>>> print(open('protein30.cif').read())   # mmCIF, C-alpha atoms
data_input
loop_
_atom_site.label_atom_id
_atom_site.label_comp_id
_atom_site.auth_asym_id
_atom_site.auth_seq_id
_atom_site.Cartn_x
_atom_site.Cartn_y
_atom_site.Cartn_z
CA MET A 15 0.00 0.00 0.00
CA GLU A 16 2.81 2.40 0.91
CA GLN A 17 4.74 1.56 -2.27
CA THR A 18 1.63 2.26 -4.34
CA SER A 19 1.24 5.68 -2.71
CA LEU A 20 4.90 6.56 -3.35
CA ALA A 21 4.56 5.47 -6.96
CA LYS A 22 1.50 7.69 -7.40
CA ILE A 23 3.32 10.65 -5.87
CA ALA A 24 6.34 10.09 -8.14
CA LEU A 25 4.16 9.88 -11.24
CA THR A 26 2.33 13.03 -10.19
CA LEU A 27 5.60 14.95 -9.75
CA CYS A 28 6.92 13.78 -13.13
CA GLY A 29 3.66 14.76 -14.79
CA LEU A 30 3.71 18.22 -13.26
CA LEU A 31 7.32 18.79 -14.36
CA LEU A 32 6.49 17.75 -17.90
CA ILE A 33 3.42 19.99 -18.02
CA MET A 34 5.19 23.02 -16.57
CA GLY A 35 8.27 22.61 -18.74
CA THR A 36 11.47 24.58 -18.31
CA PRO A 37 12.53 28.13 -19.14
CA ILE A 38 13.30 28.85 -22.80
CA VAL A 39 17.02 29.40 -23.50
CA GLN A 40 18.41 30.48 -26.87
CA ALA A 41 22.18 30.45 -27.38
CA PHE A 42 24.03 32.14 -30.25
CA ILE A 43 27.53 32.87 -31.52
CA VAL A 44 27.76 35.95 -33.72
CA ASN A 45 30.64 37.64 -35.54
CA ILE A 46 30.51 41.45 -35.39
CA ASP A 47 32.59 43.30 -37.97
CA ALA A 48 34.47 46.50 -37.19
CA HIS A 49 32.31 49.68 -37.22
CA ASN A 50 29.22 47.48 -37.05
CA GLU A 51 26.35 46.64 -34.69
CA GLU A 52 24.27 43.48 -34.36
CA CYS A 53 20.85 43.53 -32.69
CA PHE A 54 18.56 40.69 -31.62
CA PHE A 55 14.88 40.87 -30.78
CA GLU A 56 12.76 38.84 -28.37
CA ASN A 57 9.01 39.06 -27.75
CA VAL A 58 8.48 38.88 -23.98
CA GLU A 59 5.31 38.76 -21.92
CA GLY A 60 4.92 41.34 -19.15
CA GLY A 61 6.17 40.14 -15.78
CA THR A 62 8.36 37.41 -17.32
CA LYS A 63 11.93 36.94 -16.15
CA PHE A 64 14.28 37.94 -18.97
CA GLY A 65 18.03 37.21 -18.82
CA VAL A 66 21.01 37.91 -21.11
CA THR A 67 24.44 36.33 -20.69
CA PHE A 68 27.36 37.06 -23.03
CA GLU A 69 31.11 36.80 -23.46
CA VAL A 70 33.50 38.01 -26.16
CA ILE A 71 35.49 34.94 -27.19
CA ASP A 72 37.70 36.31 -29.96
CA GLY A 73 38.95 39.54 -31.47
CA GLY A 74 41.06 42.50 -30.35
CA PHE A 75 40.89 43.30 -26.65
CA LEU A 76 37.83 41.02 -26.23
CA ASP A 77 35.41 43.87 -25.53
CA VAL A 78 32.17 45.24 -27.02
CA ASP A 79 29.45 47.71 -26.09
CA ILE A 80 26.08 46.26 -25.09
CA LYS A 81 22.66 47.90 -24.95
CA ILE A 82 19.34 46.35 -23.85
CA THR A 83 16.13 48.27 -24.53
CA GLY A 84 12.44 47.64 -23.86
CA PRO A 85 9.43 47.93 -26.16
CA ASP A 86 9.09 51.66 -25.42
CA GLN A 87 12.78 52.23 -26.28
CA HIS A 88 13.51 52.53 -22.57
CA VAL A 89 17.16 51.66 -21.95
CA MET A 90 17.24 48.86 -19.39
CA HIS A 91 21.03 48.44 -19.49
CA GLU A 92 23.90 50.06 -21.36
CA SER A 93 27.64 49.62 -20.87
CA GLU A 94 30.84 50.04 -22.87
CA LYS A 95 33.94 47.89 -23.42
CA GLU A 96 32.58 44.83 -21.66
CA SER A 97 34.23 41.42 -22.05
CA SER A 98 31.42 39.45 -20.40
CA GLY A 99 28.28 39.99 -18.40
CA LYS A 100 25.08 38.53 -17.05
CA TYR A 101 21.95 40.64 -16.72
CA THR A 102 18.51 39.61 -15.44
CA PHE A 103 15.33 41.68 -15.56
CA VAL A 104 11.61 41.31 -15.06
CA ALA A 105 9.88 42.57 -18.19
CA PRO A 106 7.72 45.52 -17.07
CA SER A 107 5.39 45.21 -20.06
CA LYS A 108 4.63 42.98 -23.01
CA GLY A 109 6.51 43.74 -26.21
CA VAL A 110 9.71 43.31 -28.19
CA TYR A 111 12.95 43.65 -26.24
CA THR A 112 16.19 44.41 -28.07
CA VAL A 113 19.74 43.30 -27.29
CA CYS A 114 22.46 45.10 -29.31
CA PHE A 115 26.21 44.41 -29.44
CA ASN A 116 28.25 47.32 -30.81
CA ASN A 117 31.75 47.06 -32.29
CA GLU A 118 31.93 50.56 -33.76
CA ARG A 119 34.90 51.46 -31.55
CA SER A 120 37.08 48.87 -33.31
CA SER A 121 38.99 50.19 -36.31
CA MET A 122 39.52 46.91 -38.16
CA THR A 123 39.17 43.93 -35.80
CA PRO A 124 35.94 41.87 -35.84
CA LYS A 125 34.67 40.44 -32.55
CA MET A 126 33.10 37.05 -31.94
CA VAL A 127 30.45 37.08 -29.21
CA MET A 128 28.80 34.10 -27.55
CA PHE A 129 25.54 34.94 -25.80
CA SER A 130 22.29 33.42 -24.60
CA ILE A 131 18.81 34.78 -23.94
CA GLU A 132 16.77 33.09 -21.23
CA LEU A 133 13.04 33.52 -20.80
CA GLY A 134 11.29 32.33 -17.67
CA ASP A 135 7.75 31.04 -17.46
CA ALA A 136 4.93 33.49 -18.02
CA PRO A 137 3.53 34.87 -14.74
CA GLN A 138 0.86 32.69 -13.14
CA ARG A 139 -2.34 33.67 -11.36
CA ALA A 140 -2.44 33.67 -7.61
CA PRO A 141 -3.07 30.25 -6.00
CA GLY A 142 -6.76 29.43 -6.01
CA ALA A 143 -7.70 32.18 -8.47
CA PRO A 144 -10.22 30.99 -11.09
CA GLY A 145 -9.21 30.88 -14.74
CA GLN A 146 -10.58 29.82 -18.08
CA GLU A 147 -8.54 26.62 -18.32
CA GLU A 148 -7.94 25.74 -14.70
CA VAL A 149 -9.37 26.56 -11.31
CA GLY A 150 -6.03 27.11 -9.59
CA HIS A 151 -2.75 25.55 -8.69
CA THR A 152 -1.54 24.26 -5.39
CA LYS A 153 1.42 25.17 -3.24
CA LEU A 154 3.10 21.92 -4.30
CA GLU A 155 2.92 22.99 -7.94
CA ASP A 156 4.51 26.33 -7.04
CA MET A 157 7.36 24.56 -5.26
CA ILE A 158 7.90 22.18 -8.19
CA ARG A 159 7.91 25.07 -10.66
CA GLU A 160 10.44 26.98 -8.58
CA LEU A 161 12.63 23.87 -8.21
CA SER A 162 12.49 23.21 -11.95
CA GLY A 163 13.52 26.78 -12.76
CA THR A 164 16.35 26.68 -10.23
CA LEU A 165 17.72 23.39 -11.59
CA THR A 166 17.56 24.72 -15.13
CA SER A 167 19.44 27.88 -14.12
CA VAL A 168 22.13 25.81 -12.41
CA LYS A 169 22.49 23.63 -15.51
CA HIS A 170 22.84 26.64 -17.80
CA GLU A 171 25.35 28.25 -15.44
CA GLN A 172 27.46 25.07 -15.45
CA GLU A 173 27.38 24.93 -19.26
CA TYR A 174 28.33 28.61 -19.44
CA MET A 175 31.25 28.12 -17.03
CA HIS A 176 32.38 25.07 -19.00
CA VAL A 177 32.51 27.11 -22.21
CA ARG A 178 34.34 29.94 -20.43
CA ASP A 179 36.88 27.44 -19.11
CA LYS A 180 37.52 26.18 -22.65
CA ILE A 181 37.91 29.72 -23.97
CA HIS A 182 40.32 30.78 -21.22
CA ARG A 183 42.31 27.57 -21.60
CA SER A 184 42.63 28.24 -25.32
CA VAL A 185 43.79 31.81 -24.63
CA ASN A 186 46.33 30.59 -22.06
CA GLU A 187 47.70 27.95 -24.43
CA SER A 188 47.98 30.49 -27.23
CA THR A 189 49.77 32.96 -24.94
CA ASN A 190 52.11 30.24 -23.69
CA SER A 191 52.99 29.25 -27.27
CA ARG A 192 53.78 32.86 -28.15
CA VAL A 193 55.96 33.24 -25.05
CA VAL A 194 57.88 30.09 -25.96
CA LEU A 195 58.39 31.25 -29.55
CA TRP A 196 59.52 34.69 -28.44
CA SER A 197 61.93 33.21 -25.88
CA THR A 198 63.39 30.92 -28.55
CA PHE A 199 63.79 33.89 -30.90
CA GLU A 200 65.56 35.91 -28.17
CA ALA A 201 67.91 32.98 -27.46
CA LEU A 202 68.81 32.68 -31.15
CA VAL A 203 69.45 36.43 -31.36
CA LEU A 204 71.74 36.28 -28.31
CA VAL A 205 73.66 33.34 -29.80
CA LEU A 206 74.07 35.15 -33.12
CA MET A 207 75.21 38.34 -31.36
CA THR A 208 77.74 36.37 -29.31
CA VAL A 209 79.13 34.63 -32.39
CA GLY A 210 79.27 37.95 -34.26
CA GLN A 211 81.11 39.68 -31.42
CA VAL A 212 83.65 36.85 -31.15
CA TYR A 213 84.20 36.91 -34.90
CA TYR A 214 84.58 40.71 -34.92
CA LEU A 215 87.11 40.73 -32.06
CA LYS A 216 89.07 37.92 -33.68
CA ARG A 217 89.30 39.82 -36.98
CA PHE A 218 90.20 43.03 -35.13
CA PHE A 219 93.21 41.46 -33.36
CA GLU A 220 94.35 39.71 -36.55
CA VAL A 221 94.48 43.06 -38.35
CA LYS A 222 96.45 44.56 -35.46
CA ARG A 223 99.09 41.84 -35.70
CA VAL A 224 99.53 42.39 -39.44
CA VAL A 225 100.15 46.10 -38.88
#
>>> encode(input="protein30.cif", output="structure tokens")
Amino acid sequence: MEQTSLAKIALTLCGLLLIMGTPIVQAFIVNIDAHNEECFFENVEGGTKFGVTFEVIDGGFLDVDIKITGPDQHVMHESEKESSGKYTFVAPSKGVYTVCFNNERSSMTPKMVMFSIELGDAPQRAPGAPGQEEVGHTKLEDMIRELSGTLTSVKHEQEYMHVRDKIHRSVNESTNSRVVLWSTFEALVLVLMTVGQVYYLKRFFEVKRVV
């Protein structure tokens, strides 16, 4: 009897998670040419959690300008020369929200930007409030929805950190290779200078003896 009850509870939880779903996440990698700007648009319901995460993964000093505006052209965030960032808002009204990456400060170097846009679930009615499709939802459903959103956010954060780790490792390896090459070049120059000085001094004293 107890096992049957636990099985019913487990099936109920799984069903609720499937019905509620998870937040929508869209990830992109875009190449922004010098003196150029790339904008992306997202239709968001009022009261919905709206998040933007980005990082410049290649090009110049790894920095761009970012600007996030609402449907009424209200600037929600604007910053310059950013290498990475994570911004979260609650959409004040329904409409199209714009995320723009600006590389106009660069004279000739294109920038490659990796970013993601995360949309939370649309706001729900208060528990017990009547609706057209359902009478209400329980406190358990609220807890499951919150847990689902939290787990999804943790998963996305882990994936984001994993990508950042790969990028930084690649940068470190590239820097290390350049340091090794430069050190080898300096060593060769020192050897050549030493050989040249020895040869010059030897010729100088040979001329002196002839005189």
>>> closest_residue(input="protein30.cif", among="A:Leu206, A:Ile43, A:Leu133, A:Val66", to="Tyr101 in chain A", atoms="all atoms listed in the file")
A:Val66
>>> resolve_selection(input="protein30.cif", expression="the PyMOL selection byres ((chain A and resi 84) around 9)", output="count of residues only")
15
>>> atom_distance(input="protein30.cif", atom1="CA of Pro124 in chain A", atom2="CA of Val185 in chain A")
17.0 Å
>>> resolve_selection(input="protein30.cif", expression="the PyMOL selection byres ((chain A and resi 48-65) around 9)", output="count of residues only")
40
>>> atom_distance(input="protein30.cif", atom1="CA of Asp179 in chain A", atom2="CA of Leu161 in chain A")
26.8 Å
>>> resolve_selection(input="protein30.cif", expression="the PyMOL selection byres ((chain A and resi 170) around 12)", output="PyMOL selection string")
chain A and resi 36-41+65-67+129-132+163-169+171-177
>>> atom_distance(input="protein30.cif", atom1="CA of Thr189 in chain A", atom2="CA of Val70 in chain A")
17.1 Å
>>> closest_residue(input="protein30.cif", among="A:Gly74, A:Glu155, A:Met128, A:Phe218", to="Ser98 in chain A", atoms="only C-alpha atoms")
A:Met128
